[in-house]
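target.txt follows; it contains compact mmCIF, C-alpha atoms.
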# COMPACT_ATOMS: atom_id res chain seq x y z
CA MET A 1 -20.46 -23.76 10.87
CA GLU A 2 -16.88 -24.99 11.32
CA ASN A 3 -16.06 -26.86 14.53
CA TRP A 4 -13.23 -24.60 15.66
CA GLN A 5 -12.74 -26.51 18.90
CA ARG A 6 -11.25 -29.50 17.11
CA PHE A 7 -8.57 -27.26 15.63
CA ARG A 8 -8.06 -25.49 18.94
CA ASN A 9 -7.14 -28.83 20.48
CA LEU A 10 -4.05 -28.88 18.26
CA PHE A 11 -2.48 -26.01 20.22
CA PRO A 12 -1.05 -27.10 23.60
CA HIS A 13 -0.54 -23.56 24.92
CA THR A 14 -4.32 -22.97 25.12
CA SER A 15 -4.43 -24.93 28.38
CA SER A 16 -2.31 -22.34 30.19
CA ILE A 17 -2.23 -19.01 28.36
CA ILE A 18 -4.37 -16.82 26.15
CA TYR A 19 -2.18 -15.97 23.20
CA LEU A 20 -3.29 -12.92 21.23
CA ASN A 21 0.01 -11.89 19.66
CA HIS A 22 0.10 -13.63 16.27
CA ALA A 23 1.25 -10.44 14.55
CA ALA A 24 4.56 -11.02 16.38
CA VAL A 25 5.35 -14.75 16.54
CA SER A 26 2.84 -17.59 16.55
CA PRO A 27 2.86 -20.74 18.70
CA MET A 28 3.48 -24.19 17.25
CA ASN A 29 0.80 -26.87 16.94
CA VAL A 30 1.05 -30.58 17.72
CA ARG A 31 1.13 -31.66 14.06
CA ALA A 32 4.17 -29.48 13.41
CA ILE A 33 5.88 -30.54 16.63
CA GLN A 34 5.36 -34.22 15.82
CA ALA A 35 6.71 -33.78 12.28
CA LEU A 36 9.83 -32.05 13.61
CA GLN A 37 10.40 -34.70 16.25
CA GLU A 38 10.08 -37.52 13.73
CA HIS A 39 12.45 -35.76 11.34
CA MET A 40 15.10 -35.20 14.00
CA GLU A 41 14.89 -38.82 15.15
CA LYS A 42 15.35 -40.09 11.59
CA ARG A 43 18.19 -37.66 10.89
CA SER A 44 20.03 -38.83 13.98
CA SER A 45 20.00 -42.54 13.10
CA VAL A 46 17.91 -43.97 10.27
CA ASP A 47 18.04 -41.43 7.45
CA ILE A 48 21.07 -39.31 8.18
CA GLU A 49 21.64 -37.86 4.72
CA PHE A 50 17.92 -37.33 3.94
CA TRP A 51 18.86 -35.67 0.66
CA PRO A 52 16.46 -37.24 -1.90
CA ALA A 53 13.56 -36.86 0.53
CA ALA A 54 14.54 -33.24 1.20
CA MET A 55 14.22 -32.42 -2.49
CA GLU A 56 10.78 -34.02 -2.66
CA THR A 57 9.80 -32.20 0.53
CA LYS A 58 10.76 -28.85 -0.99
CA LYS A 59 8.81 -29.64 -4.14
CA TYR A 60 5.72 -30.57 -2.13
CA PHE A 61 6.02 -27.48 0.04
CA LYS A 62 6.04 -25.28 -3.04
CA THR A 63 2.86 -26.94 -4.34
CA LEU A 64 1.18 -26.00 -1.05
CA LEU A 65 2.52 -22.45 -1.26
CA ALA A 66 1.22 -22.20 -4.82
CA LYS A 67 -2.26 -23.13 -3.57
CA LEU A 68 -2.00 -20.51 -0.86
CA LEU A 69 -1.05 -17.80 -3.37
CA HIS A 70 -3.19 -19.08 -6.28
CA THR A 71 -0.24 -19.46 -8.63
CA HIS A 72 2.27 -21.99 -9.99
CA PRO A 73 5.13 -23.50 -7.92
CA ASP A 74 7.71 -22.52 -10.55
CA TYR A 75 7.32 -18.88 -9.55
CA ILE A 76 8.15 -19.48 -5.87
CA ALA A 77 11.58 -19.52 -4.21
CA LEU A 78 12.34 -20.40 -0.61
CA THR A 79 14.30 -18.05 1.60
CA GLU A 80 14.84 -17.42 5.30
CA ASN A 81 12.61 -14.41 5.90
CA THR A 82 10.83 -11.42 4.38
CA SER A 83 13.92 -9.20 4.45
CA MET A 84 15.96 -11.60 2.34
CA GLY A 85 13.13 -11.96 -0.13
CA LEU A 86 12.94 -8.20 -0.62
CA ASN A 87 16.72 -8.02 -0.95
CA TRP A 88 16.58 -10.53 -3.81
CA LEU A 89 14.37 -8.07 -5.66
CA ALA A 90 16.21 -4.90 -4.67
CA ARG A 91 19.63 -6.25 -5.63
CA GLY A 92 18.44 -8.37 -8.55
CA LEU A 93 17.12 -5.50 -10.65
CA THR A 94 19.44 -3.34 -12.73
CA TRP A 95 19.28 0.26 -11.56
CA LYS A 96 20.53 3.49 -13.04
CA LYS A 97 21.15 6.81 -11.36
CA GLY A 98 17.91 8.76 -10.96
CA ASP A 99 15.59 5.74 -10.80
CA ARG A 100 13.00 6.16 -8.04
CA ILE A 101 11.27 3.79 -5.60
CA LEU A 102 7.98 4.69 -3.91
CA LEU A 103 7.48 3.65 -0.27
CA ASN A 104 5.52 5.08 2.65
CA ASN A 105 6.49 6.11 6.17
CA PHE A 106 4.27 3.56 7.92
CA GLU A 107 6.16 0.40 6.96
CA PHE A 108 8.04 -2.11 9.07
CA PRO A 109 11.80 -1.64 8.40
CA SER A 110 12.03 -4.92 6.44
CA ASN A 111 10.16 -3.18 3.63
CA VAL A 112 12.37 -0.09 3.76
CA TYR A 113 16.04 -0.90 4.33
CA PRO A 114 16.57 -3.18 1.29
CA PHE A 115 15.52 -0.24 -0.89
CA LEU A 116 17.31 2.48 1.08
CA ASN A 117 20.45 0.44 0.52
CA LEU A 118 20.16 1.25 -3.19
CA ARG A 119 20.89 4.92 -2.61
CA GLU A 120 24.58 4.11 -3.10
CA LEU A 121 23.67 3.31 -6.71
CA GLY A 122 22.00 6.68 -7.20
CA VAL A 123 18.46 5.40 -6.66
CA GLU A 124 16.07 7.94 -5.09
CA ILE A 125 13.54 6.87 -2.45
CA ASP A 126 10.23 8.72 -2.12
CA PHE A 127 8.12 8.33 1.01
CA VAL A 128 4.37 8.93 1.05
CA GLU A 129 3.09 10.18 4.40
CA HIS A 130 0.45 8.05 6.09
CA ARG A 131 -2.71 9.76 7.31
CA ASN A 132 -3.40 8.59 10.84
CA GLY A 133 -2.51 5.03 9.93
CA LYS A 134 -3.97 5.06 6.42
CA ILE A 135 -2.02 4.93 3.16
CA LEU A 136 -4.29 6.56 0.62
CA VAL A 137 -4.10 5.47 -3.00
CA GLU A 138 -4.52 9.05 -4.17
CA ASP A 139 -1.41 10.04 -2.21
CA LEU A 140 0.54 7.23 -3.87
CA ALA A 141 -0.72 8.34 -7.28
CA ARG A 142 0.39 11.94 -6.68
CA ALA A 143 3.86 10.78 -5.62
CA ILE A 144 4.55 8.83 -8.83
CA GLN A 145 7.12 10.45 -11.12
CA PRO A 146 8.22 9.51 -14.64
CA SER A 147 11.34 7.85 -13.17
CA THR A 148 9.44 5.79 -10.57
CA ARG A 149 10.30 2.16 -11.28
CA LEU A 150 9.06 0.27 -8.24
CA LEU A 151 6.39 0.60 -5.56
CA SER A 152 6.59 -1.56 -2.45
CA ILE A 153 3.90 -1.74 0.20
CA SER A 154 2.61 -4.12 2.87
CA PHE A 155 -0.46 -6.27 2.41
CA VAL A 156 -1.31 -5.36 6.01
CA GLU A 157 0.47 -2.67 8.03
CA PHE A 158 2.09 -4.10 11.16
CA LEU A 159 1.18 -1.34 13.61
CA ASN A 160 -2.56 -0.91 13.21
CA GLY A 161 -3.55 -3.70 10.80
CA TYR A 162 -4.46 -1.38 7.93
CA ARG A 163 -5.21 -3.59 4.93
CA ASN A 164 -4.02 -1.81 1.82
CA ASP A 165 -6.12 -1.67 -1.34
CA LEU A 166 -3.81 -3.91 -3.35
CA ALA A 167 -6.18 -4.17 -6.31
CA THR A 168 -6.29 -0.41 -6.90
CA ILE A 169 -2.56 0.01 -6.19
CA SER A 170 -1.83 -2.77 -8.68
CA GLN A 171 -3.89 -1.00 -11.33
CA LEU A 172 -2.00 2.21 -10.59
CA CYS A 173 1.32 0.43 -11.07
CA GLN A 174 0.20 -1.10 -14.34
CA GLU A 175 -0.88 2.28 -15.70
CA HIS A 176 2.60 3.68 -15.01
CA ASP A 177 4.60 0.52 -15.83
CA ILE A 178 5.87 0.28 -12.24
CA ILE A 179 6.97 -2.96 -10.58
CA PHE A 180 4.45 -3.81 -7.85
CA CYS A 181 6.03 -5.39 -4.75
CA VAL A 182 4.15 -6.59 -1.66
CA ASP A 183 5.42 -7.44 1.82
CA ALA A 184 2.75 -9.97 2.81
CA ILE A 185 3.92 -11.22 6.21
CA GLN A 186 1.10 -9.58 8.21
CA GLY A 187 -1.65 -10.87 5.93
CA LEU A 188 -0.85 -14.35 4.64
CA GLY A 189 -2.38 -16.99 6.87
CA ALA A 190 -5.08 -14.61 8.06
CA LEU A 191 -6.45 -13.22 4.79
CA ASP A 192 -6.92 -14.65 1.33
CA LEU A 193 -4.69 -13.29 -1.44
CA ASP A 194 -4.44 -14.17 -5.14
CA VAL A 195 -1.16 -12.95 -6.60
CA GLU A 196 -2.18 -13.53 -10.20
CA GLN A 197 -5.59 -11.88 -9.94
CA LEU A 198 -3.99 -8.87 -8.24
CA GLN A 199 -1.15 -8.89 -10.79
CA ILE A 200 1.50 -8.61 -8.11
CA ASP A 201 4.99 -8.65 -9.57
CA PHE A 202 6.87 -9.66 -6.44
CA LEU A 203 5.74 -10.82 -3.02
CA ALA A 204 7.84 -11.74 0.00
CA ALA A 205 6.85 -13.20 3.35
CA ALA A 206 7.99 -15.29 6.27
CA GLY A 207 5.74 -17.73 8.05
CA HIS A 208 6.36 -17.29 11.77
CA LYS A 209 3.43 -14.90 12.22
CA TRP A 210 -0.02 -15.69 10.82
CA LEU A 211 1.09 -18.82 8.95
CA MET A 212 2.31 -20.24 12.29
CA TRP A 213 5.52 -21.78 10.95
CA PRO A 214 8.86 -22.20 12.72
CA LEU A 215 11.15 -19.18 12.73
CA GLY A 216 13.48 -18.89 9.75
CA CYS A 217 11.14 -20.10 7.02
CA GLY A 218 10.11 -17.72 4.26
CA PHE A 219 9.62 -17.45 0.52
CA PHE A 220 9.03 -15.08 -2.32
CA TYR A 221 6.90 -15.07 -5.46
CA ILE A 222 8.14 -13.55 -8.70
CA SER A 223 5.78 -13.05 -11.62
CA PRO A 224 6.54 -14.04 -15.21
CA ARG A 225 6.32 -10.35 -16.14
CA ILE A 226 9.54 -9.45 -14.29
CA PHE A 227 11.18 -12.88 -14.01
CA SER A 228 13.86 -12.29 -16.63
CA ARG A 229 14.58 -8.80 -15.29
CA VAL A 230 15.66 -10.01 -11.83
CA LYS A 231 19.13 -11.52 -11.69
CA PRO A 232 20.16 -13.78 -8.80
CA MET A 233 22.05 -11.55 -6.37
CA ALA A 234 23.92 -14.52 -4.88
CA LEU A 235 24.94 -17.80 -6.46
CA GLY A 236 25.70 -21.24 -5.14
CA TRP A 237 26.06 -24.76 -6.41
CA MET A 238 22.28 -25.20 -6.67
CA SER A 239 21.70 -22.00 -8.64
CA VAL A 240 22.38 -23.74 -11.94
CA GLU A 241 20.50 -26.19 -14.10
CA ASN A 242 23.04 -29.03 -13.83
CA SER A 243 23.89 -28.68 -10.16
CA TRP A 244 24.89 -32.34 -9.74
CA ASP A 245 27.45 -32.16 -12.54
CA PHE A 246 29.99 -30.75 -10.10
CA PHE A 247 32.84 -29.97 -12.52
CA ASN A 248 30.61 -28.40 -15.14
CA TYR A 249 31.00 -24.71 -14.34
CA GLU A 250 28.67 -23.50 -17.05
CA LEU A 251 26.44 -20.84 -15.51
CA THR A 252 23.06 -21.89 -16.90
CA PHE A 253 20.13 -20.95 -14.68
CA PRO A 254 17.02 -23.14 -14.46
CA PRO A 255 13.88 -21.62 -16.01
CA THR A 256 12.16 -21.52 -12.59
CA ALA A 257 12.58 -19.59 -9.35
CA GLU A 258 14.99 -22.28 -8.16
CA ARG A 259 17.71 -20.07 -9.64
CA PHE A 260 17.20 -17.91 -6.52
CA GLU A 261 17.97 -20.80 -4.15
CA PRO A 262 21.79 -20.97 -4.00
CA SER A 263 22.16 -23.99 -1.75
CA ILE A 264 20.48 -26.24 0.80
CA TYR A 265 17.29 -24.76 2.17
CA PRO A 266 16.47 -24.81 5.93
CA VAL A 267 14.97 -28.31 5.91
CA PRO A 268 13.71 -28.52 9.54
CA THR A 269 11.77 -25.27 9.25
CA VAL A 270 10.01 -26.53 6.14
CA ILE A 271 9.32 -29.89 7.82
CA GLY A 272 7.62 -27.92 10.61
CA ALA A 273 5.77 -25.61 8.23
CA ILE A 274 4.18 -28.24 6.01
CA PRO A 275 1.66 -29.72 8.51
CA THR A 276 0.45 -26.24 9.45
CA LEU A 277 0.08 -25.14 5.85
CA GLU A 278 -1.80 -28.38 5.15
CA LEU A 279 -4.04 -27.54 8.11
CA PHE A 280 -4.75 -24.04 6.82
CA LEU A 281 -5.60 -25.32 3.35
CA GLU A 282 -7.78 -28.05 4.91
CA ILE A 283 -9.78 -25.43 6.78
CA GLY A 284 -9.73 -22.98 3.88
CA ILE A 285 -8.13 -19.55 3.93
CA PRO A 286 -11.47 -17.77 3.23
CA GLN A 287 -12.96 -19.56 6.25
CA ILE A 288 -9.98 -18.57 8.41
CA GLU A 289 -10.31 -14.97 7.25
CA GLN A 290 -14.01 -14.96 8.09
CA ARG A 291 -13.32 -16.37 11.54
CA ILE A 292 -10.55 -13.87 12.33
CA LEU A 293 -12.67 -10.92 11.22
CA TYR A 294 -15.53 -12.20 13.38
CA LEU A 295 -13.22 -12.30 16.41
CA THR A 296 -11.78 -8.86 15.72
CA ASP A 297 -15.30 -7.45 15.24
CA TYR A 298 -16.16 -8.85 18.66
CA LEU A 299 -13.08 -7.30 20.21
CA ILE A 300 -13.63 -3.92 18.56
CA ASP A 301 -17.18 -3.81 19.90
CA GLY A 302 -15.93 -4.59 23.41
CA LEU A 303 -13.25 -1.92 23.26
CA ARG A 304 -15.67 0.69 21.95
CA GLN A 305 -18.17 -0.08 24.70
CA ARG A 306 -15.43 0.72 27.20
CA GLY A 307 -14.52 3.98 25.52
CA TYR A 308 -11.12 3.02 24.12
CA ARG A 309 -9.90 4.96 21.10
CA LEU A 310 -8.89 2.70 18.24
CA PHE A 311 -5.88 3.19 16.01
CA THR A 312 -7.15 0.37 13.79
CA VAL A 313 -9.20 1.49 10.80
CA THR A 314 -12.54 -0.29 11.07
CA ASP A 315 -13.79 0.16 7.49
CA PRO A 316 -14.42 -3.44 6.31
CA PRO A 317 -12.18 -3.26 3.19
CA HIS A 318 -9.21 -2.26 5.37
CA ARG A 319 -9.70 -4.73 8.22
CA SER A 320 -7.29 -7.52 9.14
CA GLY A 321 -6.39 -9.66 12.13
CA ILE A 322 -4.79 -6.76 14.04
CA VAL A 323 -6.65 -4.52 16.48
CA THR A 324 -4.67 -1.64 17.97
CA PHE A 325 -5.91 0.82 20.56
CA TYR A 326 -4.60 3.73 22.61
CA HIS A 327 -4.04 3.62 26.34
CA PRO A 328 -2.41 6.18 28.66
CA SER A 329 -0.21 3.47 30.24
CA PRO A 330 0.38 0.86 27.51
CA GLU A 331 3.56 -0.64 29.01
CA GLU A 332 1.99 -1.07 32.42
CA LEU A 333 -1.22 -2.47 30.97
CA VAL A 334 0.54 -5.05 28.81
CA ALA A 335 2.78 -6.08 31.72
CA PHE A 336 -0.37 -6.64 33.79
CA LEU A 337 -2.02 -8.66 31.05
CA ILE A 338 1.07 -10.84 30.65
CA SER A 339 1.13 -11.42 34.41
CA GLN A 340 -2.41 -12.76 34.01
CA GLN A 341 -1.33 -15.11 31.20
CA VAL A 342 -2.78 -12.99 28.39
CA LYS A 343 -0.20 -12.16 25.74
CA VAL A 344 -0.49 -9.00 23.62
CA SER A 345 2.06 -6.39 22.46
CA VAL A 346 3.04 -2.77 22.90
CA ARG A 347 3.89 -1.15 19.57
CA ALA A 348 4.80 2.54 19.23
CA GLY A 349 2.92 3.49 22.39
CA THR A 350 -0.23 1.57 21.49
CA VAL A 351 -1.61 -1.81 22.52
CA ARG A 352 -1.80 -4.35 19.69
CA VAL A 353 -4.02 -7.44 19.86
CA SER A 354 -3.93 -10.09 17.14
CA PRO A 355 -6.16 -13.18 17.59
CA HIS A 356 -6.09 -16.16 15.26
CA PHE A 357 -8.78 -18.58 14.10
CA TYR A 358 -8.45 -20.95 17.08
CA ASN A 359 -8.99 -18.19 19.65
CA THR A 360 -12.44 -17.82 21.21
CA THR A 361 -14.79 -15.06 22.24
CA GLN A 362 -14.39 -16.34 25.81
CA GLU A 363 -10.70 -15.51 25.60
CA LEU A 364 -11.51 -12.04 24.32
CA ASP A 365 -14.00 -11.63 27.18
CA ARG A 366 -11.17 -12.47 29.58
CA LEU A 367 -8.99 -9.80 27.97
CA LEU A 368 -11.78 -7.23 28.29
CA GLU A 369 -12.41 -8.26 31.88
CA LEU A 370 -8.73 -7.73 32.69
CA LEU A 371 -8.85 -4.29 31.05
CA ASP A 372 -11.68 -3.43 33.43
CA GLN A 373 -9.66 -4.74 36.37
CA PHE A 374 -6.65 -2.67 35.39
CA GLU A 375 -8.74 0.49 35.09
CA ARG A 376 -10.20 -0.08 38.55
CA LYS A 377 -6.69 -0.54 39.97
CA GLN A 378 -5.54 2.70 38.33
CA SER A 379 -8.49 4.77 39.56
This structure in structure tokens:
Amino acid sequence: MENWQRFRNLFPHTSSIIYLNHAAVSPMNVRAIQALQEHMEKRSSVDIEFWPAAMETKKYFKTLLAKLLHTHPDYIALTENTSMGLNWLARGLTWKKGDRILLNNFEFPSNVYPFLNLRELGVEIDFVEHRNGKILVEDLARAIQPSTRLLSISFVEFLNGYRNDLATISQLCQEHDIIFCVDAIQGLGALDLDVEQLQIDFLAAAGHKWLMWPLGCGFFYISPRIFSRVKPMALGWMSVENSWDFFNYELTFPPTAERFEPSIYPVPTVIGAIPTLELFLEIGIPQIEQRILYLTDYLIDGLRQRGYRLFTVTDPPHRSGIVTFYHPSPEELVAFLISQQVKVSVRAGTVRVSPHFYNTTQELDRLLELLDQFERKQS
């Protein structure tokens, strides 16, 4: 059994608060903080330009990302966040009037607006209705039309943690020659995912949630199947193959996803992300997934014993790191929990709890104890 305490010691906040809100923004760990501090000190005096090292840092970061996704670094481009990644796809494809995109009405807006913005080009958007927090594959299948060109869906739904059946949805897309796009921000870092095995065409994510990176650090994956069909929607001096030949204006793109990186990437955020990604790969994503599901099982049992109605779907194939439950006074409850140094979220009138691998059952017991206290105060 993994010694989780030694990893827990890397998170300074655990001495003062119980943080159970990783589906929003995650705390930093000491390895990342130290790396950022060392970088800033060097940039201020010793290594001001930092340029050659920055290029090697980006290359190394992509090798780590490739391990996370089970793919090759050449298919990965860095960007600021999930929204920008999805915009690269939406604006990079060539659309014609009457083309259709299939979404659902349970998505976070990042996975909706980039595609709604294509309506001005005559693209039609179809929304599948969720069923009490579930997106059923059969509903997606029924919604496909001959002109459907792209389907975009979350790995894990942000509100209730519903883990979509990506394997079956991928097969559905292949059968209809539809581009399969995944917003992975609520799953990566908590759950294992293999983009090549699942035959995902495009995946976008940021790392400030379950991957525990600094804000403003994201990436996308683009498969060889659609690589040549997606044109860079924005160009800069680093978009081209001979970027250091400054007066050579020949627009020749590199054969890798670097063509989607117009200029300097956000170096400090990557500096802060690397130690955490190294940590996750050191532990093993399957082991992290197992630990998170153990903790959420424990929490679900405690909530059920107290009679709370869950919005989270508890079928094992659809489980994730998010547990959401109903409460008659969610705002007041969460305010009380925060006053007791336990951090969770209110989302759409429900209470959302999202523990990570370093959290403990003792912390979940404290949350449950505070729920009991709140109920006694209300009665």
Open item on the list: Would you pick out the contacts of Ile76 (chain A) at 6 Å or less, using only C-alpha atoms, so that residues sharing its chain but fewer than 5 positions from it are not included, and give the list as a list in words?
Closed with: Phe220, Tyr221 and Ala257 of chain A
Tell me, counting all atoms listed in the file, for each residue of region 241-330 of chain A within 10 Å of region 39-47 of chain A, which pair of atoms is nearest and how far apart they are in Å to one decimal, in rows ordered by chain and increasing number, as a tab-separated table.
residue	atom	partner	partner_atom	distance
A:Val267	CA	A:His39	CA	9.6
A:Pro268	CA	A:His39	CA	7.6
A:Ile271	CA	A:His39	CA	7.5
A:Gly272	CA	A:His39	CA	9.2
Enumerate, as a PDB file with C-alpha atoms, in the coordinates of the input, the protein, DNA and RNA residues whose atoms approach (9.9, 9.1, -15.0) to within 10 Å, taking into account only C-alpha atoms and the coordinate frame of the file.
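As a result, point_23.pdb now contains:
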ATOM      1  CA  GLY A  98      17.910   8.760 -10.960  1.00  0.00           C
ATOM      2  CA  ASP A  99      15.590   5.740 -10.800  1.00  0.00           C
ATOM      3  CA  ARG A 100      13.000   6.160  -8.040  1.00  0.00           C
ATOM      4  CA  ILE A 144       4.550   8.830  -8.830  1.00  0.00           C
ATOM      5  CA  GLN A 145       7.120  10.450 -11.120  1.00  0.00           C
ATOM      6  CA  PRO A 146       8.220   9.510 -14.640  1.00  0.00           C
ATOM      7  CA  SER A 147      11.340   7.850 -13.170  1.00  0.00           C
ATOM      8  CA  THR A 148       9.440   5.790 -10.570  1.00  0.00           C
ATOM      9  CA  ARG A 149      10.300   2.160 -11.280  1.00  0.00           C
ATOM     10  CA  HIS A 176       2.600   3.680 -15.010  1.00  0.00           C
TER      11      HIS A 176
END
Task: Polymer residues at most 8 Å from Val346 (chain A), all atoms listed in the file, same-chain spacing of 4 or more positions, as a list in words - done: Pro330, Glu331, Val334, Thr350, Val351 and Arg352 of chain A
Save out the residues we just selected, C-alpha atoms, as an mmCIF file, in the coordinates of the input.
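Done, and the output landed in part.cif:
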data_model
loop_
_atom_site.group_PDB
_atom_site.id
_atom_site.type_symbol
_atom_site.label_atom_id
_atom_site.label_comp_id
_atom_site.auth_asym_id
_atom_site.auth_seq_id
_atom_site.Cartn_x
_atom_site.Cartn_y
_atom_site.Cartn_z
ATOM 1 C CA PRO A 330 0.380 0.860 27.510
ATOM 2 C CA GLU A 331 3.560 -0.640 29.010
ATOM 3 C CA VAL A 334 0.540 -5.050 28.810
ATOM 4 C CA THR A 350 -0.230 1.570 21.490
ATOM 5 C CA VAL A 351 -1.610 -1.810 22.520
ATOM 6 C CA ARG A 352 -1.800 -4.350 19.690
#
Task: Counting only C-alpha atoms, the option among A:Glu282, A:Glu157, A:Asp194, A:Asp201 closest to Ala23 (chain A) - done: A:Glu157
Can I get the residues of region 343-364 of chain A within 12 Å of region 179-191 of chain A, each with the closest pair of atoms and their distance in Å to one decimal, using all atoms listed in the file, sorted chain first then ascending number, as CSV?
residue,atom,partner,partner_atom,distance
A:Ser354,CA,A:Ala190,CA,10.2
A:Pro355,CA,A:Ala190,CA,9.7
A:His356,CA,A:Ala190,CA,7.4
A:Phe357,CA,A:Ala190,CA,8.1
A:Tyr358,CA,A:Ala190,CA,11.5
Contacts of Lys134 (chain A) at 12 Å (only C-alpha atoms; same-chain gap of 5+ positions) as a short mmCIF file (atom, residue, chain, number, x, y, z; two decimals) with C-alpha atoms, keeping the file's coordinate frame:
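around.cif was written with the following content:
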data_model
loop_
_atom_site.label_atom_id
_atom_site.label_comp_id
_atom_site.auth_asym_id
_atom_site.auth_seq_id
_atom_site.Cartn_x
_atom_site.Cartn_y
_atom_site.Cartn_z
CA ASN A 104 5.52 5.08 2.65
CA ASN A 105 6.49 6.11 6.17
CA PHE A 106 4.27 3.56 7.92
CA GLU A 107 6.16 0.40 6.96
CA VAL A 128 4.37 8.93 1.05
CA GLU A 129 3.09 10.18 4.40
CA ASP A 139 -1.41 10.04 -2.21
CA LEU A 140 0.54 7.23 -3.87
CA SER A 154 2.61 -4.12 2.87
CA VAL A 156 -1.31 -5.36 6.01
CA GLU A 157 0.47 -2.67 8.03
CA PHE A 158 2.09 -4.10 11.16
CA LEU A 159 1.18 -1.34 13.61
CA ASN A 160 -2.56 -0.91 13.21
CA GLY A 161 -3.55 -3.70 10.80
CA TYR A 162 -4.46 -1.38 7.93
CA ARG A 163 -5.21 -3.59 4.93
CA ASN A 164 -4.02 -1.81 1.82
CA ASP A 165 -6.12 -1.67 -1.34
CA PHE A 311 -5.88 3.19 16.01
CA THR A 312 -7.15 0.37 13.79
CA VAL A 313 -9.20 1.49 10.80
CA THR A 314 -12.54 -0.29 11.07
CA ASP A 315 -13.79 0.16 7.49
CA HIS A 318 -9.21 -2.26 5.37
CA ARG A 319 -9.70 -4.73 8.22
#
Open item on the list: Using all atoms listed in the file for the distances, tell me which of A:Leu368, A:Ile274, A:Leu118, A:Leu333 is nearest to Gly307 (chain A).
Closed with: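 The closest residue to Gly307 (chain A) is A:Leu368.
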Task: Separation of CA of Glu80 (chain A) from CA of Pro266 (chain A) in Å - done: 7.6 Å
Task: Among the residues A:Ile338, A:Ala348, A:Leu93, A:Val25, the one that comes closest to Tyr326 (chain A) [using all atoms listed in the file] - done: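 With all atoms listed in the file as the atom set, the closest residue is A:Ala348.
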Task: CA of Asp297 (chain A) to CA of Pro316 (chain A), straight-line distance in Å - done: 9.8 Å
Task: One-decimal distance in Å that lies between CA of Thr269 (chain A) and CA of Gln34 (chain A) - done: 12.8 Å
TODO: Rank nothing, just name the residue among A:Leu68, A:Leu193, A:Val123, A:Ala204 nearest to Asn87 (chain A), using all atoms listed in the file.
DONE: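 Using all atoms listed in the file, Asn87 (chain A) sits closest to A:Ala204.
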Open item on the list: Here is a test: counting all atoms listed in the file, which residue of A:Pro73, A:Pro109, A:Pro232, A:Gly284 is nearest to Thr252 (chain A)?
Closed with: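 Looking at the shortest contact to Thr252 (chain A), the residue is A:Pro232.
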Task: Selected residue, from A:Leu370, A:Ala234, A:Leu20, A:Ile200, that lies nearest to Leu295 (chain A) when counting all atoms listed in the file - done: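 Under the stated criterion, the closest residue is A:Leu20.
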- [ ] Just the residues within 9 Å of Tyr265 (chain A), please, counting only C-alpha atoms, with nothing from its chain fewer than 6 positions along; format it as a list in words.
- [x] Ala54, Lys58, Leu78, Thr79 and Glu80 of chain A
